[in-house]
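Q: Next comes the structure file data-v3.cif, holding mmCIF, C-alpha atoms.
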```
data_coords
#
loop_
_atom_site.label_atom_id
_atom_site.label_comp_id
_atom_site.auth_asym_id
_atom_site.auth_seq_id
_atom_site.Cartn_x
_atom_site.Cartn_y
_atom_site.Cartn_z
CA MET A 1049 0.00 0.00 0.00
CA LYS A 1050 1.39 3.40 -0.95
CA HIS A 1051 1.41 5.87 1.91
CA SER A 1052 0.00 9.34 1.35
CA TYR A 1053 0.65 12.38 3.48
CA LEU A 1054 -0.98 15.83 3.37
CA LYS A 1055 -1.84 17.15 -0.09
CA ASN A 1056 -0.81 20.46 -1.69
CA VAL A 1057 1.97 21.29 0.74
CA ALA A 1058 5.23 20.33 -0.99
CA THR A 1059 7.44 23.28 -1.98
CA LEU A 1060 8.89 21.42 -4.98
CA SER A 1061 9.09 23.26 -8.30
CA LEU A 1062 10.70 22.53 -11.64
CA ALA A 1063 11.83 25.07 -14.23
CA ALA A 1064 11.34 22.89 -17.31
CA GLU A 1065 13.06 25.37 -19.63
CA LYS A 1066 16.36 24.82 -17.76
CA CYS A 1067 16.07 21.00 -17.78
CA VAL A 1068 18.71 19.18 -19.81
CA GLY A 1069 16.93 15.84 -19.63
CA CYS A 1070 19.70 13.94 -17.84
CA GLY A 1071 17.24 12.01 -15.68
CA ARG A 1072 19.24 12.37 -12.48
CA CYS A 1073 16.06 13.46 -10.62
CA THR A 1074 14.33 10.18 -11.48
CA GLU A 1075 17.43 8.35 -10.22
CA VAL A 1076 17.54 10.01 -6.79
CA CYS A 1077 13.87 10.53 -5.94
CA PRO A 1078 12.72 7.92 -3.40
CA HIS A 1079 9.05 8.41 -4.24
CA GLY A 1080 8.97 8.41 -8.04
CA VAL A 1081 7.88 12.04 -8.19
CA PHE A 1082 9.61 12.74 -11.54
CA GLY A 1083 9.35 11.35 -15.03
CA VAL A 1084 11.34 12.18 -18.17
CA THR A 1085 9.79 12.30 -21.63
CA ASP A 1086 11.34 13.77 -24.79
CA LYS A 1087 14.43 14.85 -22.84
CA LYS A 1088 12.42 16.93 -20.41
CA ALA A 1089 11.69 16.14 -16.79
CA ARG A 1090 8.23 16.72 -15.40
CA ILE A 1091 6.67 16.43 -11.96
CA ASN A 1092 4.25 13.53 -12.01
CA ASP A 1093 3.29 13.22 -8.41
CA LYS A 1094 4.00 16.31 -6.34
CA ASP A 1095 1.94 15.17 -3.35
CA HIS A 1096 4.38 12.33 -2.75
CA CYS A 1097 7.36 14.70 -2.45
CA MET A 1098 8.87 14.51 1.04
CA GLU A 1099 11.21 17.47 0.45
CA CYS A 1100 14.42 15.49 1.02
CA GLY A 1101 16.20 17.76 -1.45
CA ALA A 1102 18.10 15.04 -3.33
CA CYS A 1103 16.79 16.14 -6.74
CA ALA A 1104 17.61 19.82 -6.30
CA LEU A 1105 21.11 19.10 -4.97
CA ASN A 1106 21.92 16.71 -7.82
CA CYS A 1107 20.32 18.61 -10.70
CA PRO A 1108 23.18 19.75 -12.97
CA ALA A 1109 21.03 22.50 -14.51
CA ASN A 1110 19.71 23.98 -11.25
CA ALA A 1111 16.24 23.45 -12.65
CA ILE A 1112 14.70 22.14 -9.44
CA SER A 1113 14.01 23.98 -6.23
CA VAL A 1114 12.60 22.66 -2.99
CA ALA A 1115 12.74 23.92 0.59
CA SER A 1116 14.19 20.77 2.05
CA GLY A 1117 13.93 19.90 5.69
CA VAL A 1118 13.16 17.18 8.19
CA GLY A 1119 9.59 15.93 8.30
CA CYS A 1120 9.87 15.22 12.01
CA ALA A 1121 7.49 16.64 14.63
CA ALA A 1122 9.94 16.16 17.50
CA ALA A 1123 12.62 18.14 15.65
CA ILE A 1124 10.15 20.92 14.90
CA ILE A 1125 8.92 21.12 18.52
CA TRP A 1126 12.53 21.26 19.63
CA SER A 1127 13.21 24.07 17.16
CA TRP A 1128 10.18 26.01 18.46
CA LEU A 1129 11.47 25.66 22.02
CA THR A 1130 15.10 26.51 21.31
CA GLY A 1131 14.79 28.85 18.35
CA ASN A 1132 17.22 26.75 16.31
CA GLU A 1133 16.70 25.28 12.86
CA PRO A 1134 14.88 21.92 12.98
CA SER A 1135 17.42 19.13 12.55
CA CYS A 1136 17.73 15.41 13.08
CA ASP A 1137 20.03 15.96 16.04
CA CYS A 1138 17.78 14.37 18.63
CA SER A 1139 20.58 11.86 19.07
CA ASP A 1140 19.60 10.35 22.40
CA SER A 1141 15.87 10.65 22.17
CA GLY A 1142 14.73 8.57 19.27
CA CYS A 1143 14.44 9.71 15.70
CA CYS A 1144 16.62 8.54 12.81
CA MET B 992 40.01 -3.00 13.46
CA SER B 993 38.93 -1.25 16.59
CA MET B 994 35.32 -1.14 17.60
CA SER B 995 33.89 1.73 19.54
CA ASN B 996 31.59 -0.72 21.24
CA ASP B 997 32.95 -3.87 22.80
CA CYS B 998 29.75 -5.79 22.10
CA CYS B 999 30.49 -5.78 18.41
CA SER B 1000 31.70 -8.70 16.43
CA THR B 1001 35.38 -8.89 15.82
CA ALA B 1002 35.17 -12.49 14.65
CA ALA B 1003 33.62 -11.30 11.42
CA ILE B 1004 36.48 -8.97 10.67
CA LEU B 1005 39.79 -10.46 9.58
CA SER B 1006 43.02 -8.61 9.12
CA SER B 1007 44.63 -8.66 5.74
CA PRO B 1008 48.25 -8.24 4.74
CA ASN B 1009 48.13 -4.81 3.18
CA ASP B 1010 46.26 -2.86 5.80
CA ILE B 1011 42.83 -2.96 4.23
CA VAL B 1012 40.49 -4.95 6.41
CA THR B 1013 38.54 -7.79 4.79
CA VAL B 1014 34.99 -8.27 5.97
CA THR B 1015 32.93 -11.43 5.83
CA THR B 1016 29.40 -11.48 4.51
CA GLU B 1017 28.00 -13.67 7.27
CA LEU B 1018 26.46 -12.16 10.35
CA HIS B 1019 27.15 -13.82 13.70
CA TYR B 1020 24.89 -14.02 16.70
CA LYS B 1021 26.73 -11.04 18.22
CA ASP B 1022 25.77 -8.94 15.20
CA LEU B 1023 22.16 -10.04 15.53
CA LEU B 1024 22.16 -9.34 19.26
CA GLY B 1025 23.73 -5.95 18.58
CA ALA B 1026 21.02 -5.18 16.02
CA TRP B 1027 18.31 -6.16 18.51
CA LYS B 1028 19.83 -3.97 21.20
CA VAL B 1029 20.02 -0.83 19.05
CA ARG B 1030 16.43 -1.37 17.95
CA TRP B 1031 15.55 -1.03 21.66
CA GLY B 1032 17.81 1.98 22.06
CA ILE B 1033 20.61 0.25 23.96
CA GLY B 1034 24.02 1.72 23.06
CA ARG B 1035 22.42 3.03 19.89
CA MET B 1036 24.57 6.12 19.43
CA LYS B 1037 27.79 4.17 19.92
CA TYR B 1038 27.09 1.36 17.46
CA LYS B 1039 29.62 2.29 14.83
CA ILE B 1040 32.68 1.07 12.97
CA ASP B 1041 35.79 2.86 11.80
CA PRO B 1042 35.36 4.80 8.57
CA GLY B 1043 37.69 3.87 5.72
CA LEU B 1044 38.14 1.30 2.98
CA TYR B 1045 37.21 -2.37 3.43
CA ARG B 1046 37.34 -5.31 1.08
CA VAL B 1047 34.77 -7.99 0.43
CA GLY B 1048 35.98 -11.17 -1.28
CA SER B 1049 39.10 -10.66 -3.42
CA PRO B 1050 38.62 -7.33 -5.16
CA ASP B 1051 41.13 -5.97 -7.68
CA GLN B 1052 41.59 -2.60 -9.34
CA THR B 1053 38.57 -3.11 -11.59
CA SER B 1054 36.16 -4.12 -8.81
CA PRO B 1055 33.22 -1.88 -7.94
CA VAL B 1056 33.40 0.54 -5.01
CA LEU B 1057 30.29 0.70 -2.82
CA VAL B 1058 29.95 3.68 -0.49
CA SER B 1059 28.11 3.42 2.83
CA ALA B 1060 27.78 4.76 6.38
CA ASN B 1061 29.61 3.75 9.56
CA TYR B 1062 26.49 2.81 11.56
CA LYS B 1063 27.15 -0.87 12.26
CA LEU B 1064 23.52 -1.81 11.65
CA THR B 1065 23.86 -0.26 8.16
CA PHE B 1066 27.24 -1.89 7.56
CA ASP B 1067 25.90 -5.32 8.59
CA SER B 1068 22.78 -5.09 6.45
CA LEU B 1069 24.99 -4.18 3.49
CA ARG B 1070 27.70 -6.82 3.90
CA LYS B 1071 25.26 -9.68 4.40
CA GLU B 1072 23.95 -9.00 0.87
CA LEU B 1073 27.39 -9.26 -0.74
CA THR B 1074 28.00 -13.01 -0.50
CA GLY B 1075 30.05 -14.24 -3.44
CA LEU B 1076 30.93 -10.73 -4.64
CA SER B 1077 34.32 -9.08 -4.76
CA CYS B 1078 34.14 -5.35 -4.15
CA TRP B 1079 35.45 -2.44 -2.13
CA LEU B 1080 33.46 -0.74 0.61
CA LEU B 1081 34.20 2.92 1.21
CA ILE B 1082 32.73 3.69 4.63
CA LEU B 1083 32.10 7.36 5.42
CA ASP B 1084 32.20 8.83 8.90
CA THR B 1085 28.50 9.52 9.54
CA LYS B 1086 28.95 9.49 13.33
CA GLY B 1087 27.20 6.14 13.56
CA ILE B 1088 24.05 7.33 11.77
CA ASN B 1089 22.37 5.48 8.88
CA VAL B 1090 22.78 6.70 5.30
CA TRP B 1091 19.45 8.46 4.85
CA CYS B 1092 19.42 10.40 8.11
CA ALA B 1093 23.11 11.22 7.74
CA ALA B 1094 22.47 12.49 4.21
CA GLY B 1095 19.70 14.71 5.60
CA LYS B 1096 22.16 16.15 8.10
CA GLY B 1097 24.94 16.37 5.52
CA THR B 1098 27.36 14.05 7.33
CA PHE B 1099 26.86 11.53 4.52
CA GLY B 1100 27.81 14.34 2.19
CA THR B 1101 29.95 15.78 -0.54
CA ALA B 1102 32.71 17.04 1.75
CA GLU B 1103 33.06 13.79 3.72
CA LEU B 1104 33.05 11.71 0.53
CA VAL B 1105 35.71 13.86 -1.15
CA ASN B 1106 37.78 13.78 2.02
CA ARG B 1107 37.43 10.01 2.48
CA ILE B 1108 38.47 9.33 -1.13
CA ALA B 1109 41.68 11.27 -0.48
CA LYS B 1110 42.34 9.74 2.94
CA THR B 1111 41.98 6.14 1.75
CA GLY B 1112 44.11 6.67 -1.36
CA LEU B 1113 41.36 5.23 -3.52
CA TYR B 1114 43.03 6.59 -6.68
CA GLY B 1115 45.86 4.12 -6.27
CA ILE B 1116 43.63 1.18 -5.46
CA VAL B 1117 41.11 1.16 -8.29
CA SER B 1118 41.82 1.97 -11.92
CA HIS B 1119 38.27 3.05 -12.76
CA HIS B 1120 36.63 6.27 -11.60
CA LYS B 1121 33.20 5.19 -10.54
CA LEU B 1122 31.54 5.11 -7.12
CA ILE B 1123 28.28 3.38 -6.34
CA LEU B 1124 26.37 5.29 -3.66
CA PRO B 1125 23.16 4.21 -2.00
CA GLN B 1126 20.32 6.20 -3.54
CA LEU B 1127 19.29 7.48 -0.12
CA GLY B 1128 22.67 9.20 0.19
CA ALA B 1129 21.61 11.63 -2.55
CA PRO B 1130 20.07 14.29 -0.25
CA GLY B 1131 23.60 14.91 1.09
CA VAL B 1132 25.77 14.39 -1.96
CA ASN B 1133 26.16 16.67 -4.95
CA ALA B 1134 27.33 14.19 -7.57
CA LEU B 1135 28.51 16.89 -9.94
CA GLU B 1136 30.64 18.49 -7.24
CA VAL B 1137 32.19 15.13 -6.31
CA ALA B 1138 33.14 14.56 -9.96
CA ARG B 1139 34.56 18.06 -10.20
CA GLN B 1140 36.69 17.69 -7.08
CA THR B 1141 37.81 14.06 -7.37
CA GLY B 1142 37.23 12.85 -10.92
CA PHE B 1143 35.04 10.06 -9.57
CA THR B 1144 31.62 9.65 -11.17
CA VAL B 1145 28.77 8.96 -8.77
CA VAL B 1146 26.23 6.31 -9.69
CA TYR B 1147 23.25 6.03 -7.37
CA GLY B 1148 22.49 2.41 -6.64
CA PRO B 1149 19.28 0.90 -5.29
CA VAL B 1150 17.57 2.02 -2.08
CA ARG B 1151 17.89 -1.40 -0.45
CA ALA B 1152 21.10 -3.39 -0.04
CA GLY B 1153 19.17 -6.51 -1.03
CA ASP B 1154 18.98 -5.23 -4.62
CA ILE B 1155 22.72 -4.59 -5.05
CA LYS B 1156 23.51 -7.89 -6.72
CA ALA B 1157 20.74 -7.38 -9.27
CA PHE B 1158 21.92 -3.80 -9.79
CA LEU B 1159 25.53 -4.87 -10.42
CA SER B 1160 24.62 -7.74 -12.69
CA SER B 1161 22.31 -5.59 -14.82
CA GLY B 1162 25.08 -3.14 -15.74
CA LEU B 1163 24.24 -0.63 -12.99
CA THR B 1164 20.64 -0.10 -13.88
CA ALA B 1165 17.95 0.06 -11.23
CA THR B 1166 14.30 -0.74 -11.80
CA ALA B 1167 11.62 1.66 -10.58
CA ALA B 1168 10.92 -0.74 -7.71
CA MET B 1169 14.58 -0.60 -6.64
CA ARG B 1170 14.37 3.19 -6.61
CA ALA B 1171 11.26 3.38 -4.44
CA VAL B 1172 11.30 3.67 -0.68
CA LYS B 1173 8.78 1.40 0.96
CA PHE B 1174 7.41 1.46 4.47
CA THR B 1175 6.06 -2.02 5.02
CA THR B 1176 4.32 -3.30 8.12
CA LEU B 1177 7.56 -5.00 9.13
CA ASP B 1178 9.56 -1.79 8.52
CA ARG B 1179 7.17 0.02 10.84
CA LEU B 1180 7.05 -2.75 13.41
CA VAL B 1181 10.82 -2.75 13.98
CA LEU B 1182 10.68 0.99 14.67
CA THR B 1183 8.04 0.76 17.41
CA PRO B 1184 10.40 -0.11 20.31
CA MET B 1185 12.19 3.22 19.76
CA GLU B 1186 8.80 4.95 19.97
CA LEU B 1187 7.79 3.02 23.07
CA VAL B 1188 11.03 3.28 25.08
CA PRO B 1189 11.26 7.10 25.18
CA ALA B 1190 7.50 7.30 25.91
CA ALA B 1191 7.93 4.85 28.78
CA LYS B 1192 10.69 7.02 30.25
CA THR B 1193 8.43 10.09 30.16
CA SER B 1194 5.69 7.98 31.69
CA LEU B 1195 7.81 7.22 34.76
CA LEU B 1196 7.82 10.95 35.45
CA ILE B 1197 4.04 11.12 35.13
CA LEU B 1198 3.61 8.10 37.39
CA GLY B 1199 5.85 9.80 39.98
CA VAL B 1200 3.60 12.86 39.96
CA LEU B 1201 0.48 10.68 40.31
CA PHE B 1202 2.09 8.87 43.22
CA LEU B 1203 2.59 12.19 45.02
CA LEU B 1204 -0.97 13.26 44.17
CA ASN B 1205 -2.27 10.06 45.69
CA LEU B 1206 -1.09 11.31 49.08
CA PHE B 1207 -3.80 13.99 48.94
CA ALA B 1208 -6.37 12.33 46.72
CA ALA B 1209 -9.88 11.49 47.81
CA ARG B 1210 -10.01 9.10 44.83
CA PRO B 1211 -6.44 7.81 44.45
CA PHE B 1212 -5.14 6.68 41.07
CA GLY B 1213 -5.00 2.89 40.92
CA PRO B 1214 -4.27 -0.01 38.56
CA ALA B 1215 -7.31 0.75 36.38
CA ASP B 1216 -6.00 4.27 35.72
CA PHE B 1217 -2.59 2.86 34.92
CA ILE B 1218 -4.03 0.45 32.35
CA GLY B 1219 -6.02 3.26 30.74
CA TYR B 1220 -2.88 5.37 30.48
CA ALA B 1221 -0.68 2.51 29.24
CA GLY B 1222 -3.26 1.69 26.58
CA ALA B 1223 -3.17 5.27 25.30
CA VAL B 1224 0.65 5.14 25.11
CA LEU B 1225 0.52 1.86 23.17
CA MET B 1226 -2.08 3.31 20.79
CA GLY B 1227 0.25 6.22 19.94
CA THR B 1228 3.58 4.39 19.85
CA VAL B 1229 2.76 0.88 18.62
CA ALA B 1230 -0.77 0.56 17.21
CA THR B 1231 -0.66 3.74 15.10
CA PRO B 1232 2.68 2.89 13.44
CA ILE B 1233 1.64 -0.70 12.71
CA LEU B 1234 -1.84 0.15 11.41
CA LEU B 1235 -0.71 3.44 9.80
CA PRO B 1236 -2.08 3.05 6.24
CA LEU B 1237 -5.27 1.37 7.48
CA ILE B 1238 -6.32 4.21 9.77
CA PRO B 1239 -8.47 6.73 7.89
CA GLY B 1240 -7.05 10.21 7.32
CA ARG B 1241 -3.57 11.51 6.53
CA ALA B 1242 -2.27 13.47 9.52
CA PHE B 1243 -0.40 11.34 12.05
CA ALA B 1244 -1.83 13.19 15.06
CA TRP B 1245 -5.33 12.56 13.78
CA LYS B 1246 -4.63 8.83 13.32
CA GLY B 1247 -3.24 8.58 16.85
CA TRP B 1248 -6.10 10.59 18.31
CA LEU B 1249 -8.65 8.34 16.63
CA LEU B 1250 -7.13 5.14 18.05
CA GLY B 1251 -6.65 6.83 21.43
CA LEU B 1252 -10.32 7.86 21.45
CA LEU B 1253 -11.52 4.35 20.57
CA TRP B 1254 -9.37 2.89 23.32
CA THR B 1255 -10.41 5.47 25.93
CA ALA B 1256 -14.10 5.18 25.13
CA TRP B 1257 -13.98 1.42 25.38
CA PHE B 1258 -11.94 1.58 28.57
CA ILE B 1259 -14.35 4.00 30.27
CA TRP B 1260 -17.30 1.83 29.31
CA PHE B 1261 -15.51 -1.31 30.49
CA ASN B 1262 -14.82 0.22 33.92
CA GLY B 1263 -18.39 1.37 34.33
CA TRP B 1264 -17.31 5.02 34.40
CA LEU B 1265 -20.19 6.09 32.22
CA ALA B 1266 -22.24 6.37 35.41
CA PRO B 1267 -23.09 9.93 36.59
CA GLY B 1268 -20.70 9.78 39.58
CA PHE B 1269 -17.73 9.42 37.24
CA LEU B 1270 -18.47 12.36 34.98
CA LEU B 1271 -15.33 14.34 35.86
CA LEU B 1272 -13.08 11.31 35.62
CA ALA B 1273 -14.54 10.05 32.33
CA SER B 1274 -14.46 13.43 30.59
CA GLY B 1275 -10.97 14.08 31.98
CA TYR B 1276 -9.69 10.87 30.42
CA LEU B 1277 -11.53 11.48 27.15
CA LEU B 1278 -9.69 14.79 26.87
CA THR B 1279 -6.21 13.73 28.02
CA LEU B 1280 -5.65 10.19 26.78
CA PRO B 1281 -6.52 10.58 23.06
CA ALA B 1282 -4.53 13.83 23.06
CA TRP B 1283 -1.52 11.98 24.46
CA SER B 1284 -1.91 9.22 21.83
CA ALA B 1285 -2.11 11.94 19.17
CA PHE B 1286 1.09 13.58 20.39
CA LEU B 1287 3.00 10.29 20.44
CA ALA B 1288 1.70 9.34 16.98
CA MET B 1289 2.71 12.75 15.65
CA ASN B 1290 6.27 12.05 16.76
CA PHE B 1291 6.31 9.01 14.45
CA THR B 1292 6.49 11.45 11.51
CA GLY B 1293 10.23 11.60 12.25
CA SER B 1294 10.58 7.86 11.71
CA SER B 1295 8.34 7.65 8.68
CA THR B 1296 9.73 7.59 5.15
CA TYR B 1297 7.25 9.87 3.45
CA THR B 1298 6.41 12.96 5.52
CA SER B 1299 7.63 16.34 4.29
CA PHE B 1300 8.74 19.28 6.39
CA SER B 1301 5.96 21.48 4.99
CA GLY B 1302 3.41 18.76 5.70
CA VAL B 1303 4.51 18.22 9.29
CA ILE B 1304 4.49 21.99 9.93
CA LYS B 1305 0.94 22.20 8.56
CA GLU B 1306 -0.17 19.24 10.66
CA MET B 1307 1.42 20.61 13.82
CA LYS B 1308 -0.01 24.10 13.48
CA VAL B 1309 -3.44 22.53 13.77
CA ALA B 1310 -2.69 19.61 16.07
CA ALA B 1311 -0.34 21.12 18.65
CA PRO B 1312 -2.77 23.76 20.01
CA LEU B 1313 -5.63 21.24 20.09
CA ILE B 1314 -3.49 18.67 21.90
CA ALA B 1315 -2.33 21.28 24.40
CA ALA B 1316 -5.82 22.67 25.08
CA SER B 1317 -7.41 19.23 25.36
CA SER B 1318 -4.67 18.05 27.72
CA VAL B 1319 -4.83 21.10 30.00
CA ILE B 1320 -8.62 20.99 30.36
CA GLY B 1321 -8.52 17.21 30.82
CA ILE B 1322 -5.84 17.40 33.49
CA VAL B 1323 -7.85 20.01 35.43
CA LEU B 1324 -10.89 17.71 35.33
CA LEU B 1325 -8.81 14.69 36.42
CA LEU B 1326 -7.31 16.67 39.30
CA ALA B 1327 -10.80 17.74 40.35
CA ALA B 1328 -11.97 14.13 40.18
CA ALA B 1329 -9.00 12.94 42.25
CA LEU B 1330 -9.13 15.66 44.92
CA LEU B 1331 -12.90 15.96 45.24
CA GLY B 1332 -13.47 12.21 44.96
#
```
So that I can check it, write out the structure of this file as structure tokens.
A:
Amino acid sequence: MKHSYLKNVATLSLAAEKCVGCGRCTEVCPHGVFGVTDKKARINDKDHCMECGACALNCPANAISVASGVGCAAAIIWSWLTGNEPSCDCSDSGCC
Amino acid sequence: MSMSNDCCSTAAILSSPNDIVTVTTELHYKDLLGAWKVRWGIGRMKYKIDPGLYRVGSPDQTSPVLVSANYKLTFDSLRKELTGLSCWLLILDTKGINVWCAAGKGTFGTAELVNRIAKTGLYGIVSHHKLILPQLGAPGVNALEVARQTGFTVVYGPVRAGDIKAFLSSGLTATAAMRAVKFTTLDRLVLTPMELVPAAKTSLLILGVLFLLNLFAARPFGPADFIGYAGAVLMGTVATPILLPLIPGRAFAWKGWLLGLLWTAWFIWFNGWLAPGFLLLASGYLLTLPAWSAFLAMNFTGSSTYTSFSGVIKEMKVAAPLIAASSVIGIVLLLAAALLG
């Protein structure tokens, strides 16, 4: 069964005019969000984007942007309490 | 090879003549015990191996180089899939964290990879210029930058170590299934102890407070209350993760709240607390326990494989105030029930 999280929230965007059609995004995406046809990438399934940032970091044409971050409530609560950026550094408490 | 943790298998690691350690592909009972312990949070942050280059089988200068993390659970799940292969393992220093989480933090990253290539003298060991990285390392590694700085081309392999043989034998091509992260019932089940253990620790604190309250209470908290509470914890930390895709809705807090409510309602009915004399107690539990289940379930977003930062923020902006308000009102009612009797 494919898991689905909240709809219409992902910050992922693709500037198709910059795309060089290398297909790296389809290689790194863990949720099959991208497809490539006629040497152009397209976003097939934006609602399954988990904002890991792999596509944007590995895109040689800088055609992809996404505000990547940790999808972890504990990290976000911790960041609200401490004023720091949310990170996976909850080393002793559980996540990752 | 030195282990940071003396529980770890040394039998599986044999020294080799020219300073590169050879690893076996069989796991021993100590490895399995170690894996079980870290799943329960015992010595979890110290379960690591030395970063560097390792050999599997009898690799030569044309053999593939697989890159991985120095969390021993990761290292073990990789090497047990390499039986019969000859390859090099380039282990990055991820501070004992698995590939995906370390990539998110950047410790499984471009800088560490470039640095580790130099430190291990990989140029002199293999004649090709290709590295096979786990796909889930991609959030931390800029493949283009690695090529620019080292001359090594990065190929992203499959998500799961179990697919590496198929990936290698098919000329480094991965099927769509190999590229997809799953989150099976078993995947979720093995994560539940690390949800339960921290919750149990917090619970000891709550039980301590209740114990003190009992000194003044007209209606002291007893075993029935404990079972009601423990049930709510299990709903949030175990039942929600296991039943995750079966529970209606999308937000984790909602899923946890729903199970917590079902449990609490049943529990109140079972104890006969629907009677008028138990109004404060019953409504107090209906407000606190499902809220607590919701909070614990919401924390499972950090262990899930598909929640986005934007999604979790959206969920929390709604759920956190509701959980807080419900808990505060519920606790006031429970205190009233305990003190007034």
Q: Name the closest residue to chain B among the candidates A:Ala1058, A:Val1084, A:Cys1067, A:Ala1089; distances are taken between atoms, counting all atoms listed in the file.
A: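 Between A:Ala1058, A:Val1084, A:Cys1067, A:Ala1089, the residue approaching chain B most closely is A:Ala1058.
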Q: Can you check which parts of chain A lie within 10 Å of chain B? Per residue, the shortest pair of atoms and distance in Å to one decimal, counting only C-alpha atoms, sorted by chain and number, as a Markdown table.
A:
```
| residue | atom | partner | partner_atom | distance |
| --- | --- | --- | --- | --- |
| A:Met1049 | CA | B:Pro1236 | CA | 7.3 |
| A:Lys1050 | CA | B:Lys1173 | CA | 7.9 |
| A:His1051 | CA | B:Pro1236 | CA | 6.2 |
| A:Ser1052 | CA | B:Arg1241 | CA | 6.7 |
| A:Tyr1053 | CA | B:Arg1241 | CA | 5.3 |
| A:Leu1054 | CA | B:Gly1302 | CA | 5.8 |
| A:Lys1055 | CA | B:Gly1302 | CA | 8.0 |
| A:Asn1056 | CA | B:Gly1302 | CA | 8.7 |
| A:Val1057 | CA | B:Gly1302 | CA | 5.8 |
| A:Ala1058 | CA | B:Ser1301 | CA | 6.1 |
| A:Thr1059 | CA | B:Ser1301 | CA | 7.3 |
| A:Arg1072 | CA | B:Tyr1147 | CA | 9.1 |
| A:Cys1073 | CA | B:Ala1129 | CA | 10.0 |
| A:Thr1074 | CA | B:Arg1170 | CA | 8.5 |
| A:Glu1075 | CA | B:Tyr1147 | CA | 6.9 |
| A:Val1076 | CA | B:Gln1126 | CA | 5.7 |
| A:Cys1077 | CA | B:Arg1170 | CA | 7.4 |
| A:Pro1078 | CA | B:Ala1171 | CA | 4.9 |
| A:His1079 | CA | B:Ala1171 | CA | 5.5 |
| A:Gly1080 | CA | B:Ala1171 | CA | 6.6 |
| A:Asp1095 | CA | B:Ser1299 | CA | 9.6 |
| A:His1096 | CA | B:Tyr1297 | CA | 7.3 |
| A:Cys1097 | CA | B:Ser1299 | CA | 6.9 |
| A:Met1098 | CA | B:Ser1299 | CA | 3.9 |
| A:Glu1099 | CA | B:Ser1299 | CA | 5.4 |
| A:Cys1100 | CA | B:Pro1130 | CA | 5.9 |
| A:Gly1101 | CA | B:Pro1130 | CA | 5.3 |
| A:Ala1102 | CA | B:Pro1130 | CA | 3.7 |
| A:Cys1103 | CA | B:Pro1130 | CA | 7.5 |
| A:Ala1104 | CA | B:Pro1130 | CA | 8.6 |
| A:Leu1105 | CA | B:Asn1133 | CA | 5.6 |
| A:Asn1106 | CA | B:Asn1133 | CA | 5.1 |
| A:Cys1107 | CA | B:Leu1135 | CA | 8.4 |
| A:Pro1108 | CA | B:Leu1135 | CA | 6.8 |
| A:Ala1115 | CA | B:Phe1300 | CA | 8.4 |
| A:Ser1116 | CA | B:Phe1300 | CA | 7.1 |
| A:Gly1117 | CA | B:Phe1300 | CA | 5.3 |
| A:Val1118 | CA | B:Phe1300 | CA | 5.2 |
| A:Gly1119 | CA | B:Phe1300 | CA | 3.9 |
| A:Cys1120 | CA | B:Gly1293 | CA | 3.6 |
| A:Ala1121 | CA | B:Asn1290 | CA | 5.2 |
| A:Ala1122 | CA | B:Asn1290 | CA | 5.6 |
| A:Ala1123 | CA | B:Gly1293 | CA | 7.7 |
| A:Ile1124 | CA | B:Ile1304 | CA | 7.6 |
| A:Ile1125 | CA | B:Met1307 | CA | 8.9 |
| A:Pro1134 | CA | B:Phe1300 | CA | 9.4 |
| A:Ser1135 | CA | B:Lys1096 | CA | 7.2 |
| A:Cys1136 | CA | B:Lys1096 | CA | 6.7 |
| A:Asp1137 | CA | B:Lys1096 | CA | 8.2 |
| A:Ser1139 | CA | B:Met1036 | CA | 7.0 |
| A:Asp1140 | CA | B:Met1036 | CA | 7.2 |
| A:Ser1141 | CA | B:Pro1189 | CA | 6.6 |
| A:Gly1142 | CA | B:Met1185 | CA | 5.9 |
| A:Cys1143 | CA | B:Gly1293 | CA | 5.8 |
| A:Cys1144 | CA | B:Cys1092 | CA | 5.8 |
```
Q: List as a PDB file with C-alpha atoms, in the frame of the given file the protein and nucleic acid residues near Glu1072 (chain B), meaning an atom at most 10 Å away when all atoms listed in the file are counted, but skip any in the same chain fewer than 5 places from it.
A:
```
ATOM      1  CA  THR B1016      29.400 -11.480   4.510  1.00  0.00           C
ATOM      2  CA  GLU B1017      28.000 -13.670   7.270  1.00  0.00           C
ATOM      3  CA  ASP B1067      25.900  -5.320   8.590  1.00  0.00           C
ATOM      4  CA  ARG B1151      17.890  -1.400  -0.450  1.00  0.00           C
ATOM      5  CA  ALA B1152      21.100  -3.390  -0.040  1.00  0.00           C
ATOM      6  CA  GLY B1153      19.170  -6.510  -1.030  1.00  0.00           C
ATOM      7  CA  ASP B1154      18.980  -5.230  -4.620  1.00  0.00           C
ATOM      8  CA  ILE B1155      22.720  -4.590  -5.050  1.00  0.00           C
ATOM      9  CA  LYS B1156      23.510  -7.890  -6.720  1.00  0.00           C
TER      10      LYS B1156
END
```
Q: Please write the residues picked by the PyMOL selection byres ((chain B and resi 1061-1063) around 6) on this file as a list in words.
A: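 This file gives the following for the PyMOL selection byres ((chain B and resi 1061-1063) around 6): Tyr1038, Lys1039, Ile1040, Pro1042, Ala1060, Leu1064, Thr1065, Phe1066, Asp1067, Ile1082, Asp1084, Thr1085, Gly1087, Ile1088 and Asn1089 of chain B.
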Q: Quote the spacing between CA of Ala1230 (chain B) and CA of Gly1247 (chain B) in Å to one decimal place.
A: 8.4 Å
Q: Quick one: distance from CA of Ala1310 (chain B) to CA of Leu1249 (chain B) in Å, one decimal?
A: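 That distance, rounded to one decimal, is 12.8 Å.
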Q: Select, from B:Ile1218, B:Leu1204, B:Val1105, B:Val1224, the residue with the minimum atom-to-atom distance to Leu1326 (chain B), counting all atoms listed in the file.
A: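 For Leu1326 (chain B), the nearest of the given residues is B:Leu1204.
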